[in-house]
$ cat upload.cif   # mmCIF, C-alpha atoms
data_protein
loop_
_atom_site.label_atom_id
_atom_site.label_comp_id
_atom_site.auth_asym_id
_atom_site.auth_seq_id
_atom_site.Cartn_x
_atom_site.Cartn_y
_atom_site.Cartn_z
CA MET W 1 189.12 151.88 -116.45
CA LYS W 2 186.93 153.05 -119.34
CA ASN W 3 183.35 154.08 -118.64
CA LYS W 4 180.84 151.58 -119.97
CA ILE W 5 178.08 152.73 -122.29
CA PHE W 6 174.76 151.55 -120.92
CA SER W 7 171.81 150.80 -123.17
CA VAL W 8 168.26 151.93 -122.35
CA ARG W 9 167.53 148.37 -121.21
CA ASP W 10 170.56 148.41 -118.90
CA GLN W 11 169.46 151.73 -117.42
CA ILE W 12 165.91 150.50 -116.79
CA ALA W 13 167.24 147.28 -115.24
CA ASP W 14 169.51 149.31 -112.97
CA VAL W 15 166.61 151.46 -111.72
CA LEU W 16 164.36 148.46 -111.04
CA ARG W 17 167.24 146.56 -109.44
CA SER W 18 167.79 149.54 -107.11
CA ASP W 19 164.07 149.65 -106.27
CA ILE W 20 164.16 145.96 -105.32
CA ILE W 21 167.43 146.10 -103.36
CA SER W 22 166.20 149.13 -101.38
CA GLY W 23 162.88 147.48 -100.60
CA GLU W 24 160.93 150.18 -102.43
CA LEU W 25 159.53 147.37 -104.58
CA ALA W 26 158.50 144.91 -101.87
CA SER W 27 158.43 141.12 -102.15
CA ASP W 28 155.46 139.74 -104.12
CA THR W 29 154.82 143.11 -105.82
CA LYS W 30 153.47 142.45 -109.32
CA LEU W 31 155.08 144.34 -112.20
CA ASN W 32 152.79 145.83 -114.81
CA GLU W 33 154.40 146.05 -118.25
CA ILE W 34 152.14 148.89 -119.42
CA GLN W 35 152.82 151.00 -116.33
CA LEU W 36 156.56 150.37 -116.56
CA ALA W 37 156.57 151.27 -120.26
CA LYS W 38 154.88 154.58 -119.41
CA ARG W 39 157.25 155.22 -116.51
CA PHE W 40 160.36 154.75 -118.65
CA GLU W 41 158.80 156.13 -121.86
CA VAL W 42 159.59 153.03 -123.91
CA SER W 43 157.59 150.33 -125.68
CA ARG W 44 156.76 147.08 -123.91
CA GLY W 45 159.55 145.22 -125.76
CA PRO W 46 162.44 146.62 -123.69
CA ILE W 47 160.39 146.14 -120.51
CA ARG W 48 159.91 142.45 -121.33
CA ASP W 49 163.67 142.13 -121.92
CA VAL W 50 164.41 143.75 -118.56
CA ILE W 51 161.92 141.52 -116.76
CA LEU W 52 163.59 138.47 -118.32
CA LYS W 53 167.02 139.75 -117.24
CA LEU W 54 165.97 140.39 -113.64
CA THR W 55 164.21 137.01 -113.54
CA LYS W 56 167.48 135.31 -114.52
CA GLU W 57 169.21 137.25 -111.75
CA GLY W 58 166.67 135.90 -109.27
CA LEU W 59 165.18 139.26 -108.32
CA LEU W 60 161.88 138.55 -110.10
CA ILE W 61 159.69 135.49 -110.55
CA SER W 62 157.86 135.13 -113.87
CA LYS W 63 154.97 132.71 -114.33
CA SER W 64 152.90 132.01 -117.43
CA ASN W 65 149.52 133.76 -117.42
CA VAL W 66 150.39 135.48 -114.13
CA GLY W 67 153.24 137.81 -115.06
CA ALA W 68 156.28 138.88 -113.07
CA SER W 69 156.53 139.75 -109.39
CA VAL W 70 159.33 140.61 -106.99
CA ASN W 71 160.98 137.56 -105.47
CA ARG W 72 161.22 137.04 -101.73
CA PRO W 73 164.49 137.29 -99.78
CA LEU W 74 166.25 133.99 -99.21
CA SER W 75 165.36 131.88 -96.19
CA PRO W 76 167.98 131.95 -93.38
CA GLU W 77 169.19 128.49 -94.45
CA LEU W 78 169.65 129.49 -98.09
CA GLN W 79 171.20 132.81 -97.07
CA LYS W 80 173.79 130.88 -95.06
CA LEU W 81 174.50 128.61 -98.04
CA SER W 82 174.80 131.64 -100.32
CA ILE W 83 177.35 133.21 -97.99
CA GLU W 84 179.44 130.03 -98.12
CA LEU W 85 179.22 129.85 -101.93
CA ARG W 86 180.12 133.51 -102.31
CA ARG W 87 183.11 133.16 -99.99
CA LYS W 88 184.42 130.19 -101.97
CA ILE W 89 184.12 132.07 -105.28
CA GLU W 90 185.77 135.22 -103.93
CA GLU W 91 188.55 133.27 -102.22
CA PHE W 92 189.25 131.60 -105.57
CA ALA W 93 189.29 135.04 -107.23
CA VAL W 94 191.72 136.43 -104.66
CA LYS W 95 194.16 133.59 -105.30
CA GLU W 96 193.94 134.24 -109.05
CA VAL W 97 194.38 138.02 -108.89
CA ILE W 98 196.71 138.72 -106.00
CA GLY W 99 200.24 139.45 -107.12
CA LYS W 100 199.00 139.93 -110.71
CA ALA W 101 196.80 143.03 -110.37
CA THR W 102 198.42 146.15 -111.77
CA THR W 103 198.93 149.35 -109.78
CA GLU W 104 196.18 150.94 -111.89
CA GLN W 105 193.74 148.13 -111.12
CA VAL W 106 194.38 148.34 -107.38
CA ALA W 107 194.02 152.13 -107.55
CA TYR W 108 190.61 151.67 -109.18
CA MET W 109 189.56 149.49 -106.23
CA ASP W 110 190.57 152.37 -103.93
CA THR W 111 188.39 154.70 -106.01
CA LEU W 112 185.39 152.41 -105.55
CA ILE W 113 185.95 152.38 -101.78
CA ASP W 114 186.11 156.19 -101.73
CA ARG W 115 182.72 156.17 -103.49
CA MET W 116 181.36 153.73 -100.90
CA GLU W 117 182.53 156.02 -98.11
CA ALA W 118 180.86 159.04 -99.73
CA HIS W 119 177.57 157.15 -100.12
CA PHE W 120 177.75 155.93 -96.52
CA GLU W 121 178.29 159.44 -95.17
CA LYS W 122 175.32 160.72 -97.20
CA GLN W 123 173.21 157.72 -96.09
CA GLU W 124 172.72 156.72 -99.75
CA TYR W 125 172.39 153.08 -98.85
CA THR W 126 171.16 151.74 -102.18
CA GLU W 127 174.04 153.41 -104.03
CA LEU W 128 176.40 152.11 -101.35
CA THR W 129 175.09 148.59 -101.92
CA LYS W 130 175.57 148.90 -105.69
CA THR W 131 179.11 150.26 -105.29
CA ASP W 132 179.89 147.46 -102.84
CA ILE W 133 178.77 144.93 -105.46
CA ALA W 134 180.80 146.75 -108.14
CA PHE W 135 183.93 146.49 -105.97
CA HIS W 136 183.69 142.72 -105.63
CA GLN W 137 182.60 142.35 -109.25
CA TYR W 138 185.75 144.13 -110.39
CA PHE W 139 188.20 141.59 -108.99
CA ILE W 140 185.86 138.68 -109.80
CA GLU W 141 186.03 139.67 -113.48
CA LEU W 142 189.80 140.21 -113.26
CA ALA W 143 190.11 136.66 -111.93
CA GLY W 144 187.80 134.73 -114.22
CA GLY W 145 186.04 137.03 -116.65
CA GLU W 146 182.45 136.40 -117.64
CA ASP W 147 182.44 132.72 -116.63
CA LEU W 148 183.29 133.42 -112.99
CA PHE W 149 181.03 136.48 -112.92
CA ASN W 150 178.07 134.39 -114.12
CA LEU W 151 178.61 131.95 -111.21
CA TRP W 152 179.00 134.72 -108.65
CA TYR W 153 176.45 137.38 -109.60
CA PRO W 154 173.11 135.54 -109.06
CA VAL W 155 174.32 134.45 -105.61
CA VAL W 156 175.27 137.99 -104.60
CA ILE W 157 172.25 139.80 -106.00
CA ARG W 158 169.76 137.55 -104.17
CA MET W 159 171.69 138.03 -100.93
CA ARG W 160 171.30 141.79 -101.31
CA MET W 161 167.52 141.96 -101.34
CA ASN W 162 166.66 144.43 -98.58
CA TYR W 163 170.14 143.89 -97.10
CA GLN W 164 170.14 145.57 -93.67
CA ARG W 165 173.76 145.18 -92.59
CA ILE W 166 174.83 147.99 -94.91
CA LYS W 167 172.72 150.48 -92.91
CA THR W 168 174.03 149.50 -89.50
CA SER W 169 177.72 148.74 -90.00
CA GLY W 170 180.13 151.63 -90.13
CA LYS W 171 182.87 149.01 -90.48
CA LEU W 172 181.91 148.18 -94.06
CA VAL W 173 184.28 150.67 -95.71
CA GLU W 174 187.10 149.67 -93.39
CA GLU W 175 186.59 145.99 -94.29
CA HIS W 176 186.98 146.80 -97.99
CA ARG W 177 190.12 148.84 -97.33
CA ASP W 178 191.56 145.76 -95.59
CA ILE W 179 190.92 143.73 -98.76
CA VAL W 180 192.71 146.29 -100.94
CA GLU W 181 195.60 146.57 -98.49
CA ALA W 182 196.12 142.82 -98.85
CA PHE W 183 196.13 143.23 -102.64
CA LYS W 184 198.77 145.95 -102.32
CA LEU W 185 200.92 143.72 -100.11
CA GLY W 186 200.35 140.64 -102.27
CA ASP W 187 199.36 138.78 -99.10
CA VAL W 188 196.92 135.95 -99.98
CA LYS W 189 196.39 134.91 -96.35
CA GLN W 190 195.52 138.44 -95.29
CA ALA W 191 193.20 138.87 -98.28
CA MET W 192 191.35 135.63 -97.48
CA ALA W 193 190.88 136.72 -93.88
CA ALA W 194 189.57 140.12 -95.03
CA ILE W 195 187.12 138.49 -97.46
CA ARG W 196 185.80 136.14 -94.77
CA LYS W 197 185.38 139.07 -92.36
CA ASN W 198 183.45 141.08 -94.97
CA ILE W 199 181.11 138.38 -96.29
CA LYS W 200 178.62 137.53 -93.56
#

$ encode --input "upload.cif" --output "structure tokens"
Amino acid sequence: MKNKIFSVRDQIADVLRSDIISGELASDTKLNEIQLAKRFEVSRGPIRDVILKLTKEGLLISKSNVGASVNRPLSPELQKLSIELRRKIEEFAVKEVIGKATTEQVAYMDTLIDRMEAHFEKQEYTELTKTDIAFHQYFIELAGGEDLFNLWYPVVIRMRMNYQRIKTSGKLVEEHRDIVEAFKLGDVKQAMAAIRKNIK
């Protein structure tokens, strides 16, 4: 898989996204465009673009005459609904991809899991979270491209705000290896079971 070239805006968004996912930027924290522009050594234009992007993702809330602030984690009821929606989307993706993924594509999934394991061992939980998302994103995009990704991503990113399971579960890497093993075997039933076990 070719390395993507990230724009300055993408890089800034990635940093702020990490800050929110890790809890470093707490819920209801107001974002100051001038301070962010100084931090990233850019004009306010790119900062506004990033704020708009993260607002669309659901990580920020922007209000007229008030500015942008960090959104709150989902309520337990909405978190449960999000889990169900995410499972349905990923189960659909599995059905679309399994038996069609190339050896190279499955090998790339293994590479992502190796990265997850390395981050877990080093207790780099934010990077682990981002690599976890990248793993699922990879086969989502294989299954349905941008259309399916645009349905899936806002659900997943809101679920990941200050996501604690990743710090307490040593089974996380193993669960992802089970998903890839099912891809290797071309076993839809096994893949579905692995997805359901992982998404909770």

$ resolve_selection --input "upload.cif" --expression "the PyMOL selection byres ((chain W and resi 142) around 10)" --output "list of chain:residue names"
W:Ala93, W:Val94, W:Glu96, W:Val97, W:Lys100, W:Ala101, W:Gln105, W:Gln137, W:Tyr138, W:Phe139, W:Ile140, W:Glu141, W:Ala143, W:Gly144, W:Gly145, W:Glu146, W:Leu148, W:Phe149

$ atom_distance --input "upload.cif" --atom1 "atom CA of W:Arg9" --atom2 "atom CA of W:Lys38"
14.2 Å

$ resolve_selection --input "upload.cif" --expression "the PyMOL selection byres ((chain W and resi 116) around 7)" --output "PDB file with C-alpha atoms, in the coordinates of the input"
ATOM      1  CA  LEU W 112     185.390 152.410-105.550  1.00  0.00           C
ATOM      2  CA  ILE W 113     185.950 152.380-101.780  1.00  0.00           C
ATOM      3  CA  ASP W 114     186.110 156.190-101.730  1.00  0.00           C
ATOM      4  CA  ARG W 115     182.720 156.170-103.490  1.00  0.00           C
ATOM      5  CA  GLU W 117     182.530 156.020 -98.110  1.00  0.00           C
ATOM      6  CA  ALA W 118     180.860 159.040 -99.730  1.00  0.00           C
ATOM      7  CA  HIS W 119     177.570 157.150-100.120  1.00  0.00           C
ATOM      8  CA  PHE W 120     177.750 155.930 -96.520  1.00  0.00           C
ATOM      9  CA  LEU W 128     176.400 152.110-101.350  1.00  0.00           C
ATOM     10  CA  THR W 131     179.110 150.260-105.290  1.00  0.00           C
ATOM     11  CA  ASP W 132     179.890 147.460-102.840  1.00  0.00           C
ATOM     12  CA  VAL W 173     184.280 150.670 -95.710  1.00  0.00           C
TER      13      VAL W 173
END

$ residues_near_point --input "upload.cif" --point "(190.2, 144.9, -91.9)" --cutoff "10 Å" --atoms "all atoms listed in the file" --output "number ranges by chain"
W: 171-182, 190-191, 193-195, 197-198

$ atom_distance --input "upload.cif" --atom1 "atom CA of W:Val156" --atom2 "atom CA of W:Val70"
16.3 Å

$ residues_around --input "upload.cif" --residues "stretch 32-34 of chain W" --least-positions-apart "6" --cutoff "9 Å" --atoms "only C-alpha atoms" --output "mmCIF file with C-alpha atoms, keeping the file's coordinate frame"
data_model
loop_
_atom_site.group_PDB
_atom_site.id
_atom_site.type_symbol
_atom_site.label_atom_id
_atom_site.label_comp_id
_atom_site.auth_asym_id
_atom_site.auth_seq_id
_atom_site.Cartn_x
_atom_site.Cartn_y
_atom_site.Cartn_z
ATOM 1 C CA SER W 43 157.590 150.330 -125.680
ATOM 2 C CA ARG W 44 156.760 147.080 -123.910
ATOM 3 C CA ILE W 47 160.390 146.140 -120.510
ATOM 4 C CA ARG W 48 159.910 142.450 -121.330
ATOM 5 C CA ILE W 51 161.920 141.520 -116.760
ATOM 6 C CA GLY W 67 153.240 137.810 -115.060
ATOM 7 C CA ALA W 68 156.280 138.880 -113.070
ATOM 8 C CA SER W 69 156.530 139.750 -109.390
#

$ closest_residue --input "upload.cif" --among "W:Gln35, W:Asn150, W:Thr126, W:Ser7" --to "W:Gly23" --atoms "all atoms listed in the file"
W:Thr126

$ closest_residue --input "upload.cif" --among "W:Met109, W:Ile199, W:Leu54, W:Ala134" --to "W:Glu91" --atoms "only C-alpha atoms"
W:Ile199

$ resolve_selection --input "upload.cif" --expression "the PyMOL selection byres ((chain W and resi 55-64) around 9)" --output "list in words"
Arg17, Ile20, Ile21, Asp28, Val50, Ile51, Leu52, Lys53, Leu54, Asn65, Val66, Gly67, Ala68, Ser69, Val70, Asn71, Arg72, Pro73, Tyr153, Pro154, Val155, Ile157, Arg158 and Met161 of chain W

$ closest_residue --input "upload.cif" --among "W:Ser18, W:His136, W:Gly186, W:Trp152" --to "W:Tyr108" --atoms "only C-alpha atoms"
W:His136
